[in-house]
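Novice: Supplied structure: work05.tsv, TSV, C-alpha atoms.
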```tsv
chain	number	residue	atom	x	y	z
A	16	ALA	CA	66.36	131.60	118.32
A	17	ALA	CA	70.11	131.91	117.80
A	18	LYS	CA	71.30	131.29	114.27
A	19	PRO	CA	72.56	127.68	113.98
A	20	PRO	CA	76.32	127.46	113.48
A	21	HIS	CA	78.18	126.06	110.54
A	22	LEU	CA	79.67	122.71	111.59
A	23	VAL	CA	83.18	121.63	110.59
A	24	VAL	CA	84.35	118.16	111.63
A	25	PHE	CA	87.96	117.12	111.01
A	26	ILE	CA	88.82	113.46	111.64
A	27	SER	CA	92.36	112.13	111.80
A	28	ASP	CA	93.05	108.45	111.14
A	29	ASP	CA	94.99	106.40	113.73
A	30	LEU	CA	96.23	109.35	115.80
A	31	GLY	CA	97.34	108.56	119.32
A	32	ARG	CA	96.12	111.13	121.86
A	33	LEU	CA	99.50	111.35	123.60
A	34	GLU	CA	101.33	112.11	120.35
A	35	THR	CA	100.08	115.70	120.35
A	36	SER	CA	101.30	118.77	122.20
A	37	VAL	CA	97.79	119.35	123.57
A	38	TYR	CA	97.92	116.07	125.47
A	39	GLY	CA	101.41	116.37	126.85
A	40	SER	CA	103.86	115.36	124.13
A	41	LYS	CA	107.07	117.38	124.36
A	42	GLY	CA	108.27	116.14	120.99
A	43	ALA	CA	105.29	116.18	118.61
A	44	ARG	CA	104.71	119.50	116.83
A	45	THR	CA	100.96	120.15	116.52
A	46	PRO	CA	100.56	123.95	116.63
A	47	MET	CA	97.08	124.03	115.03
A	48	MET	CA	95.67	121.64	117.61
A	49	ALA	CA	97.17	123.90	120.26
A	50	ARG	CA	95.44	126.90	118.67
A	51	LEU	CA	92.10	125.08	118.68
A	52	ALA	CA	92.59	124.16	122.33
A	53	GLN	CA	93.33	127.78	123.19
A	54	SER	CA	90.12	128.90	121.48
A	55	GLY	CA	87.83	126.12	122.70
A	56	MET	CA	87.38	123.09	124.96
A	57	THR	CA	89.72	120.10	125.23
A	58	PHE	CA	88.30	116.76	126.35
A	59	ASP	CA	90.62	114.61	128.44
A	60	SER	CA	88.32	111.59	128.57
A	61	ALA	CA	86.95	111.12	125.05
A	62	TYR	CA	86.61	107.50	123.95
A	63	VAL	CA	85.84	105.62	120.78
A	64	ALA	CA	83.20	102.89	120.55
A	65	SER	CA	85.73	100.53	118.97
A	66	PRO	CA	89.47	100.85	118.21
A	67	SER	CA	89.21	100.01	114.51
A	68	CYS	CA	88.00	102.12	111.60
A	69	CYS	CA	84.88	100.37	110.34
A	70	PRO	CA	82.87	99.74	113.53
A	71	ASN	CA	83.84	103.04	115.11
A	72	ARG	CA	83.04	105.20	112.09
A	73	TYR	CA	79.66	103.50	111.77
A	74	SER	CA	79.11	104.23	115.47
A	75	LEU	CA	79.83	107.89	114.69
A	76	LEU	CA	77.35	107.97	111.82
A	77	THR	CA	74.55	106.02	113.52
A	78	GLY	CA	75.01	106.92	117.19
A	79	LEU	CA	74.89	103.18	117.92
A	80	MET	CA	77.40	100.90	119.59
A	81	PRO	CA	78.82	98.16	117.32
A	82	ALA	CA	76.61	95.50	118.93
A	83	ARG	CA	73.59	97.43	117.67
A	84	HIS	CA	74.64	98.56	114.19
A	85	ARG	CA	76.17	95.06	113.71
A	86	ALA	CA	79.34	96.08	111.86
A	87	HIS	CA	81.37	94.48	114.65
A	88	PRO	CA	84.38	93.29	112.63
A	89	ASN	CA	86.52	95.64	110.62
A	90	HIS	CA	85.71	95.62	106.87
A	91	SER	CA	82.03	94.80	107.47
A	92	ARG	CA	78.74	96.63	106.95
A	93	VAL	CA	75.89	97.78	109.16
A	94	LYS	CA	72.68	95.80	109.41
A	95	PRO	CA	70.01	96.48	106.76
A	96	GLY	CA	67.83	99.43	107.60
A	97	ALA	CA	70.25	101.04	110.05
A	98	ARG	CA	69.36	104.70	110.52
A	99	PHE	CA	72.06	107.29	109.90
A	100	LEU	CA	72.05	110.61	111.75
A	101	LEU	CA	73.44	113.18	109.32
A	102	PRO	CA	70.27	113.31	107.17
A	103	MET	CA	68.56	114.81	110.21
A	104	LEU	CA	70.70	117.92	109.73
A	105	LYS	CA	69.25	118.34	106.24
A	106	LYS	CA	65.81	118.74	107.78
A	107	LYS	CA	67.19	121.76	109.64
A	108	GLY	CA	68.39	123.32	106.38
A	109	TYR	CA	72.01	122.12	106.42
A	110	THR	CA	74.06	121.39	103.32
A	111	ILE	CA	76.37	118.43	103.95
A	112	ALA	CA	79.71	118.16	102.15
A	113	SER	CA	82.09	115.27	102.86
A	114	PHE	CA	85.75	114.98	101.86
A	115	GLY	CA	88.16	112.08	102.34
A	116	LYS	CA	87.58	109.29	104.85
A	117	ILE	CA	84.53	109.74	107.04
A	118	ALA	CA	82.93	106.33	106.55
A	119	HIS	CA	85.19	103.28	106.23
A	120	TYR	CA	86.81	102.75	102.82
A	121	ARG	CA	85.92	106.37	102.02
A	122	ARG	CA	82.40	105.23	101.12
A	123	LYS	CA	79.69	107.78	100.46
A	124	HIS	CA	77.48	107.97	103.54
A	125	PRO	CA	73.79	108.92	103.72
A	126	GLY	CA	72.92	112.60	103.76
A	127	CYS	CA	75.71	113.93	101.53
A	128	ASP	CA	74.92	116.75	99.14
A	129	PHE	CA	78.52	116.50	97.94
A	130	PHE	CA	81.01	113.69	98.39
A	131	SER	CA	84.68	113.40	97.42
A	132	ALA	CA	86.64	110.21	98.15
A	133	LYS	CA	90.01	111.72	97.18
A	134	ARG	CA	92.67	110.99	99.81
A	135	LEU	CA	95.13	113.76	98.98
A	136	ASP	CA	95.00	117.58	98.81
A	137	LEU	CA	91.95	117.83	101.04
A	138	ALA	CA	92.19	121.58	101.61
A	139	LYS	CA	92.68	122.17	97.90
A	140	ASN	CA	89.60	120.07	97.12
A	141	VAL	CA	87.53	121.89	99.74
A	142	ARG	CA	88.59	125.29	98.37
A	143	GLN	CA	87.70	124.23	94.82
A	144	TRP	CA	84.28	123.09	96.02
A	145	PHE	CA	83.63	126.44	97.69
A	146	SER	CA	84.67	128.27	94.50
A	147	SER	CA	82.09	126.38	92.42
A	148	THR	CA	79.29	126.03	94.97
A	149	ARG	CA	76.89	128.55	96.43
A	150	VAL	CA	75.94	127.55	99.95
A	151	SER	CA	72.70	129.00	101.27
A	152	GLY	CA	71.97	128.31	104.90
A	153	PRO	CA	74.15	126.45	107.37
A	154	LEU	CA	76.86	124.03	106.24
A	155	CYS	CA	78.12	120.80	107.74
A	156	LEU	CA	81.62	120.19	106.37
A	157	LEU	CA	83.22	116.82	107.10
A	158	VAL	CA	86.92	116.26	106.37
A	159	GLY	CA	88.69	112.94	106.97
A	160	ASP	CA	92.48	112.87	106.65
A	161	ARG	CA	94.17	109.47	106.14
A	162	ARG	CA	97.15	110.45	108.30
A	163	PRO	CA	98.81	109.07	110.37
A	164	HIS	CA	97.43	105.73	109.17
A	165	VAL	CA	100.05	103.33	107.81
A	166	SER	CA	101.92	103.37	105.51
A	167	TRP	CA	103.65	106.38	107.00
A	168	THR	CA	105.42	108.94	104.87
A	169	LYS	CA	109.10	108.33	104.15
A	170	GLU	CA	109.77	111.98	104.95
A	171	MET	CA	111.28	112.62	108.38
A	172	LEU	CA	110.80	116.08	109.91
A	173	TYR	CA	112.07	114.57	113.17
A	174	ASP	CA	115.55	113.25	113.93
A	175	PRO	CA	115.16	109.52	114.73
A	176	LYS	CA	118.08	109.71	117.14
A	177	LYS	CA	116.39	112.44	119.19
A	178	VAL	CA	112.76	111.29	119.36
A	179	THR	CA	111.38	110.04	122.67
A	180	LEU	CA	109.83	106.59	122.36
A	181	PRO	CA	107.08	105.34	124.69
A	182	SER	CA	108.69	103.52	127.60
A	183	TYR	CA	107.35	100.11	126.60
A	184	PHE	CA	108.76	100.20	123.04
A	185	ILE	CA	111.78	98.14	122.01
A	186	ASP	CA	114.38	100.80	121.22
A	187	THR	CA	115.91	99.98	117.84
A	188	LYS	CA	117.08	102.03	114.86
A	189	GLU	CA	114.08	100.82	112.86
A	190	THR	CA	111.61	101.68	115.62
A	191	ARG	CA	113.03	105.20	115.88
A	192	GLU	CA	112.78	105.74	112.13
A	193	HIS	CA	109.18	104.51	112.03
A	194	TRP	CA	108.31	106.75	115.01
A	195	ALA	CA	109.90	109.75	113.26
A	196	ARG	CA	107.83	109.04	110.14
A	197	TYR	CA	104.68	108.62	112.24
A	198	LEU	CA	105.29	111.98	113.95
A	199	THR	CA	105.93	113.57	110.55
A	200	ASP	CA	102.53	112.41	109.32
A	201	ILE	CA	100.95	113.88	112.46
A	202	THR	CA	102.59	117.26	111.89
A	203	ARG	CA	101.60	117.29	108.20
A	204	MET	CA	98.03	116.38	109.16
A	205	ASP	CA	98.03	119.22	111.71
A	206	GLU	CA	99.00	121.56	108.87
A	207	GLU	CA	95.97	120.32	106.92
A	208	VAL	CA	93.75	121.14	109.90
A	209	ALA	CA	95.12	124.69	109.80
A	210	LYS	CA	94.30	125.00	106.09
A	211	ILE	CA	90.74	123.73	106.56
A	212	HIS	CA	90.22	126.05	109.53
A	213	LYS	CA	91.43	129.02	107.48
A	214	ILE	CA	89.10	128.18	104.58
A	215	ALA	CA	86.14	127.73	106.94
A	216	THR	CA	86.81	131.08	108.61
A	217	GLU	CA	87.19	132.88	105.27
A	218	LYS	CA	84.11	131.35	103.67
A	219	LEU	CA	81.76	130.93	106.62
A	220	GLY	CA	82.62	133.74	109.03
A	221	GLU	CA	82.74	133.58	112.81
A	222	ASN	CA	79.70	131.40	113.52
A	223	VAL	CA	81.60	128.14	113.03
A	224	LEU	CA	81.80	125.19	115.41
A	225	PHE	CA	85.06	123.36	114.64
A	226	LEU	CA	85.49	119.81	115.98
A	227	PHE	CA	88.76	117.87	115.79
A	228	THR	CA	89.16	114.21	116.77
A	229	SER	CA	90.71	110.87	115.80
A	230	ASP	CA	89.04	107.52	115.13
A	231	HIS	CA	91.32	105.62	117.59
A	232	GLY	CA	94.94	105.25	118.60
A	233	GLY	CA	97.93	104.61	116.37
A	234	GLN	CA	99.00	101.26	114.96
A	235	TRP	CA	101.48	100.54	117.73
A	236	PRO	CA	101.60	98.06	120.63
A	237	PHE	CA	98.65	98.57	123.01
A	238	GLY	CA	97.09	101.03	120.52
A	239	LYS	CA	94.82	100.35	117.55
A	240	TRP	CA	92.86	97.05	117.81
A	241	ASN	CA	93.31	97.03	121.60
A	242	LEU	CA	91.21	98.35	124.47
A	243	TYR	CA	94.06	99.86	126.46
A	244	GLU	CA	93.86	103.63	126.87
A	245	SER	CA	96.26	104.33	124.00
A	246	GLY	CA	93.86	102.52	121.66
A	247	THR	CA	90.51	103.86	122.84
A	248	ARG	CA	91.11	107.29	124.42
A	249	VAL	CA	91.37	109.89	121.69
A	250	PRO	CA	91.90	113.61	121.19
A	251	LEU	CA	88.76	115.73	121.07
A	252	ILE	CA	88.88	119.52	120.78
A	253	ILE	CA	85.84	121.67	120.01
A	254	SER	CA	85.98	125.38	119.28
A	255	TRP	CA	83.08	127.85	118.79
A	256	PRO	CA	84.20	131.44	119.43
A	257	GLY	CA	81.92	133.33	121.76
A	258	ARG	CA	79.94	130.23	122.75
A	259	ILE	CA	82.47	127.75	124.13
A	260	GLN	CA	84.86	129.09	126.77
A	261	ALA	CA	88.30	129.59	125.28
A	262	GLY	CA	91.09	127.51	126.79
A	263	SER	CA	88.71	125.35	128.81
A	264	ARG	CA	89.36	121.71	129.64
A	265	THR	CA	87.08	118.95	130.89
A	266	ASP	CA	87.41	115.41	132.22
A	267	ALA	CA	83.79	114.61	131.36
A	268	MET	CA	83.66	111.14	129.80
A	269	VAL	CA	82.20	111.21	126.30
A	270	SER	CA	81.99	108.63	123.52
A	271	TRP	CA	82.14	108.78	119.75
A	272	VAL	CA	78.45	107.79	119.68
A	273	ASP	CA	77.79	111.16	121.36
A	274	LEU	CA	79.45	113.38	118.75
A	275	ILE	CA	76.74	113.73	116.10
A	276	PRO	CA	73.90	113.76	118.68
A	277	THR	CA	75.69	116.77	120.21
A	278	LEU	CA	75.89	118.49	116.82
A	279	LEU	CA	72.22	117.70	116.16
A	280	ASP	CA	71.29	119.20	119.52
A	281	ILE	CA	73.26	122.38	118.84
A	282	ALA	CA	71.72	122.63	115.36
A	283	GLY	CA	68.25	122.51	116.87
A	284	ALA	CA	67.39	118.99	115.71
A	285	LYS	CA	65.71	116.46	117.96
A	286	VAL	CA	68.09	113.69	119.04
A	287	PRO	CA	66.49	110.23	118.74
A	288	LYS	CA	65.97	108.53	122.10
A	289	THR	CA	66.46	105.08	120.58
A	290	ILE	CA	70.19	105.48	119.96
A	291	ASP	CA	73.11	104.97	122.35
A	292	GLY	CA	74.58	108.43	121.83
A	293	ARG	CA	73.41	111.52	123.69
A	294	SER	CA	74.29	115.17	123.55
A	295	PHE	CA	76.98	116.65	125.77
A	296	ALA	CA	76.18	120.23	124.74
A	297	SER	CA	75.62	121.13	128.40
A	298	VAL	CA	79.30	120.26	129.05
A	299	LEU	CA	80.42	122.38	126.11
A	300	PHE	CA	78.52	125.39	127.42
A	301	GLY	CA	79.78	124.99	130.99
A	302	LYS	CA	76.43	123.99	132.47
A	303	LYS	CA	77.58	120.52	133.53
A	304	LYS	CA	80.92	118.95	134.45
A	305	MET	CA	79.93	115.31	133.95
A	306	HIS	CA	78.38	113.42	131.05
A	307	ARG	CA	78.77	109.64	131.30
A	308	GLU	CA	79.33	107.53	134.40
A	309	LYS	CA	80.45	104.53	132.35
A	310	ILE	CA	82.29	104.12	129.04
A	311	PHE	CA	82.05	100.86	127.11
A	312	THR	CA	84.33	99.87	124.25
A	313	THR	CA	84.45	96.71	122.16
A	314	HIS	CA	86.77	95.04	119.68
A	315	THR	CA	85.81	92.03	117.62
A	316	GLY	CA	88.69	91.82	115.15
A	317	ASP	CA	88.41	91.27	111.43
A	318	GLY	CA	89.49	87.67	111.01
A	319	ILE	CA	92.47	88.73	108.90
A	320	MET	CA	94.76	91.18	110.68
A	321	ASN	CA	93.73	90.05	114.16
A	322	ILE	CA	91.19	87.72	115.73
A	323	PHE	CA	91.05	88.50	119.44
A	324	PRO	CA	87.69	89.79	120.73
A	325	MET	CA	87.81	92.11	123.76
A	326	ARG	CA	85.34	94.13	125.83
A	327	SER	CA	86.02	96.92	128.33
A	328	ALA	CA	84.29	99.23	130.77
A	329	ARG	CA	85.62	102.36	132.44
A	330	ILE	CA	83.89	103.52	135.62
A	331	GLY	CA	85.47	106.51	137.34
A	332	HIS	CA	89.22	105.97	137.52
A	333	PHE	CA	88.92	102.20	137.09
A	334	LYS	CA	88.96	100.25	133.84
A	335	TYR	CA	88.23	96.58	133.26
A	336	ILE	CA	89.32	94.77	130.07
A	337	HIS	CA	87.94	91.31	129.32
A	338	ASN	CA	89.91	89.40	126.69
A	339	LEU	CA	87.66	86.66	125.34
A	340	ARG	CA	90.58	84.92	123.64
A	341	PRO	CA	93.59	85.14	126.00
A	342	ASP	CA	95.32	82.44	123.96
A	343	ALA	CA	95.36	84.86	121.01
```
Output the file's structure in the form of structure tokens.
Specialist:
Amino acid sequence: AAKPPHLVVFISDDLGRLETSVYGSKGARTPMMARLAQSGMTFDSAYVASPSCCPNRYSLLTGLMPARHRAHPNHSRVKPGARFLLPMLKKKGYTIASFGKIAHYRRKHPGCDFFSAKRLDLAKNVRQWFSSTRVSGPLCLLVGDRRPHVSWTKEMLYDPKKVTLPSYFIDTKETREHWARYLTDITRMDEEVAKIHKIATEKLGENVLFLFTSDHGGQWPFGKWNLYESGTRVPLIISWPGRIQAGSRTDAMVSWVDLIPTLLDIAGAKVPKTIDGRSFASVLFGKKKMHREKIFTTHTGDGIMNIFPMRSARIGHFKYIHNLRPDA
């Protein structure tokens, strides 16, 4: 059997898919994402299970839709006894190290051999861990950057007067400055991806599967907390030199509940049949062009920042959004 790869997962927080060069932005500077896309596969139809941190990150870790793990609202917890997927990698000999925000609130999640909740200097923290830790066997490295979650940096690498706002924004001086700060956080986060990728290559060699994604869209109108495409359709780029075709692109519909089942499948672990997620490894390896026929997403709110519950389904090129509280 082929030697299982090291797995590196980098998760951005509140990154809109269209605010990256890989997905068509002419203004956003994301050179590392572009490098990953050139070396691997870019997914044009990757969706979250929910457009808010808590329910979606639990969907990642359990492979269950929010209705099944029960952490529907933001700032809630999964039902007692919910089964997490990462411990299954440990049975295949993996060491699991987690840095930053993977679970909501940067909580330690089941399966970790090492956990760091520090928000800043992620690459520095990862390098320090490697310098003091001897890893035998395959590694699963999880890195969660807080950017570009609000509050955005006050630094502006972009000229507010020259940025291109989405067409539906109200064009004001304040909006332009906030957009410039948002883009700056995206570029700085992209630099962190480059640092983590360099460390992984240096320490782990060539047999590394590197996955980059975001937990949902940015905190802008029609984005985070909403089921429009800018809230639920996210960047997903996966690179594995020699195994995934370089520079490939797919429109196969995949969901965040599918991510860890895919990694389990590639690692040689058996994916539970009782979960909602399923492996799309056959898409990664060019054996299939389709994965899901339907994509479901839900939003329940958190009772504080927003209250409106919504449900949506995408089938082919059509999407239906049901707002259960149109008055809100």
Novice: Measuring atom to atom with only C-alpha atoms, identify which of A:Leu30, A:Ile253, A:Met56, A:Met171 is nearest to A:Lys239.
Specialist: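 Result for the nearest residue to A:Lys239: A:Leu30.
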Novice: Residues of stretch 182-215 of chain A that approach stretch 38-43 of chain A to 9 Å or less, counting all atoms listed in the file: could you list each one with the shortest pair of atoms and its distance in Å to one decimal, rows by chain and increasing residue number, as CSV?
Specialist:
```
residue,atom,partner,partner_atom,distance
A:Leu198,CA,A:Ala43,CA,6.3
A:Thr199,CA,A:Ala43,CA,8.5
A:Ile201,CA,A:Ala43,CA,7.9
A:Thr202,CA,A:Ala43,CA,7.3
```
Novice: Could you give me, as CSV, a per-residue list for stretch 192-306 of chain A showing, wherever an atom lies at most 12 Å from an atom of stretch 141-161 of chain A, the closest pair of atoms and their distance in Å to one decimal, using only C-alpha atoms and sorting by chain then residue number from low to high?
Specialist:
```
residue,atom,partner,partner_atom,distance
A:Asp200,CA,A:Arg161,CA,9.4
A:Ile201,CA,A:Arg161,CA,10.3
A:Arg203,CA,A:Asp160,CA,10.3
A:Met204,CA,A:Asp160,CA,7.0
A:Asp205,CA,A:Asp160,CA,9.8
A:Glu206,CA,A:Asp160,CA,11.1
A:Glu207,CA,A:Asp160,CA,8.2
A:Val208,CA,A:Asp160,CA,9.0
A:Lys210,CA,A:Arg142,CA,9.6
A:Ile211,CA,A:Val141,CA,7.8
A:His212,CA,A:Val158,CA,10.8
A:Lys213,CA,A:Arg142,CA,10.2
A:Ile214,CA,A:Arg142,CA,6.9
A:Ala215,CA,A:Leu156,CA,8.8
A:Thr216,CA,A:Arg142,CA,11.9
A:Glu217,CA,A:Arg142,CA,10.4
A:Lys218,CA,A:Phe145,CA,7.8
A:Leu219,CA,A:Leu154,CA,8.5
A:Gly220,CA,A:Pro153,CA,11.3
A:Asn222,CA,A:Pro153,CA,9.7
A:Val223,CA,A:Leu154,CA,9.2
A:Leu224,CA,A:Cys155,CA,9.6
A:Phe225,CA,A:Leu156,CA,9.5
A:Leu226,CA,A:Leu157,CA,9.6
A:Phe227,CA,A:Val158,CA,9.7
A:Thr228,CA,A:Gly159,CA,9.9
A:Ser229,CA,A:Gly159,CA,9.3
A:Asp230,CA,A:Gly159,CA,9.8
A:Gly233,CA,A:Arg161,CA,11.9
A:Ile275,CA,A:Cys155,CA,11.0
A:Leu278,CA,A:Cys155,CA,9.6
A:Leu279,CA,A:Cys155,CA,10.7
A:Ala282,CA,A:Pro153,CA,9.2
A:Gly283,CA,A:Pro153,CA,11.9
```
Novice: Give me, please, the distance in Å between atom CA of A:Phe99 and atom CA of A:Ile290, quoted to one decimal.
Specialist: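 Between these atoms lies a distance of 10.4 Å.
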Novice: Counting only C-alpha atoms, find the residues whose atoms lie at most 12 Å from (80.8, 105.3, 111.7) (file coordinates) and write them out as a PDB file with C-alpha atoms, in the frame of the given file.
Specialist:
```
ATOM      1  CA  ILE A  26      88.820 113.460 111.640  1.00  0.00           C
ATOM      2  CA  VAL A  63      85.840 105.620 120.780  1.00  0.00           C
ATOM      3  CA  ALA A  64      83.200 102.890 120.550  1.00  0.00           C
ATOM      4  CA  SER A  65      85.730 100.530 118.970  1.00  0.00           C
ATOM      5  CA  PRO A  66      89.470 100.850 118.210  1.00  0.00           C
ATOM      6  CA  SER A  67      89.210 100.010 114.510  1.00  0.00           C
ATOM      7  CA  CYS A  68      88.000 102.120 111.600  1.00  0.00           C
ATOM      8  CA  CYS A  69      84.880 100.370 110.340  1.00  0.00           C
ATOM      9  CA  PRO A  70      82.870  99.740 113.530  1.00  0.00           C
ATOM     10  CA  ASN A  71      83.840 103.040 115.110  1.00  0.00           C
ATOM     11  CA  ARG A  72      83.040 105.200 112.090  1.00  0.00           C
ATOM     12  CA  TYR A  73      79.660 103.500 111.770  1.00  0.00           C
ATOM     13  CA  SER A  74      79.110 104.230 115.470  1.00  0.00           C
ATOM     14  CA  LEU A  75      79.830 107.890 114.690  1.00  0.00           C
ATOM     15  CA  LEU A  76      77.350 107.970 111.820  1.00  0.00           C
ATOM     16  CA  THR A  77      74.550 106.020 113.520  1.00  0.00           C
ATOM     17  CA  GLY A  78      75.010 106.920 117.190  1.00  0.00           C
ATOM     18  CA  LEU A  79      74.890 103.180 117.920  1.00  0.00           C
ATOM     19  CA  MET A  80      77.400 100.900 119.590  1.00  0.00           C
ATOM     20  CA  PRO A  81      78.820  98.160 117.320  1.00  0.00           C
ATOM     21  CA  HIS A  84      74.640  98.560 114.190  1.00  0.00           C
ATOM     22  CA  ARG A  85      76.170  95.060 113.710  1.00  0.00           C
ATOM     23  CA  ALA A  86      79.340  96.080 111.860  1.00  0.00           C
ATOM     24  CA  HIS A  87      81.370  94.480 114.650  1.00  0.00           C
ATOM     25  CA  ASN A  89      86.520  95.640 110.620  1.00  0.00           C
ATOM     26  CA  HIS A  90      85.710  95.620 106.870  1.00  0.00           C
ATOM     27  CA  SER A  91      82.030  94.800 107.470  1.00  0.00           C
ATOM     28  CA  ARG A  92      78.740  96.630 106.950  1.00  0.00           C
ATOM     29  CA  VAL A  93      75.890  97.780 109.160  1.00  0.00           C
ATOM     30  CA  ALA A  97      70.250 101.040 110.050  1.00  0.00           C
ATOM     31  CA  ARG A  98      69.360 104.700 110.520  1.00  0.00           C
ATOM     32  CA  PHE A  99      72.060 107.290 109.900  1.00  0.00           C
ATOM     33  CA  LEU A 100      72.050 110.610 111.750  1.00  0.00           C
ATOM     34  CA  LEU A 101      73.440 113.180 109.320  1.00  0.00           C
ATOM     35  CA  LYS A 116      87.580 109.290 104.850  1.00  0.00           C
ATOM     36  CA  ILE A 117      84.530 109.740 107.040  1.00  0.00           C
ATOM     37  CA  ALA A 118      82.930 106.330 106.550  1.00  0.00           C
ATOM     38  CA  HIS A 119      85.190 103.280 106.230  1.00  0.00           C
ATOM     39  CA  TYR A 120      86.810 102.750 102.820  1.00  0.00           C
ATOM     40  CA  ARG A 121      85.920 106.370 102.020  1.00  0.00           C
ATOM     41  CA  ARG A 122      82.400 105.230 101.120  1.00  0.00           C
ATOM     42  CA  LYS A 123      79.690 107.780 100.460  1.00  0.00           C
ATOM     43  CA  HIS A 124      77.480 107.970 103.540  1.00  0.00           C
ATOM     44  CA  PRO A 125      73.790 108.920 103.720  1.00  0.00           C
ATOM     45  CA  GLY A 159      88.690 112.940 106.970  1.00  0.00           C
ATOM     46  CA  ASP A 230      89.040 107.520 115.130  1.00  0.00           C
ATOM     47  CA  TRP A 271      82.140 108.780 119.750  1.00  0.00           C
ATOM     48  CA  VAL A 272      78.450 107.790 119.680  1.00  0.00           C
ATOM     49  CA  ASP A 273      77.790 111.160 121.360  1.00  0.00           C
ATOM     50  CA  LEU A 274      79.450 113.380 118.750  1.00  0.00           C
ATOM     51  CA  ILE A 275      76.740 113.730 116.100  1.00  0.00           C
TER      52      ILE A 275
END
```
Novice: Please, what distance in Å, to one decimal, runs between atom CA of A:Gly238 and atom CA of A:Met47?
Specialist: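 Separation between atom CA of A:Gly238 and atom CA of A:Met47: 23.6 Å.
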Novice: Using all atoms listed in the file, what residues lie at most 12 Å away from (103.1, 109.3, 114.3) (file coordinates), given as a ChimeraX atom specification?
Specialist: /A:27-35,40,42-45,162-173,178-181,190-205,232-235,238
Novice: Can you list, as a list in words, every protein, DNA or RNA residue that comes within 10 Å of A:Ser254 when you count only C-alpha atoms, leaving out same-chain residues fewer than 3 positions away?
Specialist: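 Here the qualifying residues turn out to be Val23, Arg50, Leu51, Ala52, Gln53, Ser54, Gly55, Met56, Thr57, Val223, Leu224, Phe225, Leu226, Phe227, Gly257, Arg258, Ile259, Gln260, Ala261, Gly262, Ser263 and Leu299 of chain A.
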Novice: Take the selection from the previous step and output its residues with C-alpha atoms, as a compact mmCIF listing (two decimals), keeping the file's coordinate frame.
Specialist:
```
# COMPACT_ATOMS: atom_id res chain seq x y z
CA VAL A 23 83.18 121.63 110.59
CA ARG A 50 95.44 126.90 118.67
CA LEU A 51 92.10 125.08 118.68
CA ALA A 52 92.59 124.16 122.33
CA GLN A 53 93.33 127.78 123.19
CA SER A 54 90.12 128.90 121.48
CA GLY A 55 87.83 126.12 122.70
CA MET A 56 87.38 123.09 124.96
CA THR A 57 89.72 120.10 125.23
CA VAL A 223 81.60 128.14 113.03
CA LEU A 224 81.80 125.19 115.41
CA PHE A 225 85.06 123.36 114.64
CA LEU A 226 85.49 119.81 115.98
CA PHE A 227 88.76 117.87 115.79
CA GLY A 257 81.92 133.33 121.76
CA ARG A 258 79.94 130.23 122.75
CA ILE A 259 82.47 127.75 124.13
CA GLN A 260 84.86 129.09 126.77
CA ALA A 261 88.30 129.59 125.28
CA GLY A 262 91.09 127.51 126.79
CA SER A 263 88.71 125.35 128.81
CA LEU A 299 80.42 122.38 126.11
```
Novice: What is the atom CA of A:Arg293-atom CA of A:Phe333 distance in Å, reported with one decimal?
Specialist: 22.5 Å
Novice: Between A:Asp128, A:Ser297, A:Lys334, A:Thr313, which residue has the minimum interatomic distance to A:Tyr109, considering only C-alpha atoms?
Specialist: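 That would be A:Asp128, the residue with the smallest distance to A:Tyr109.
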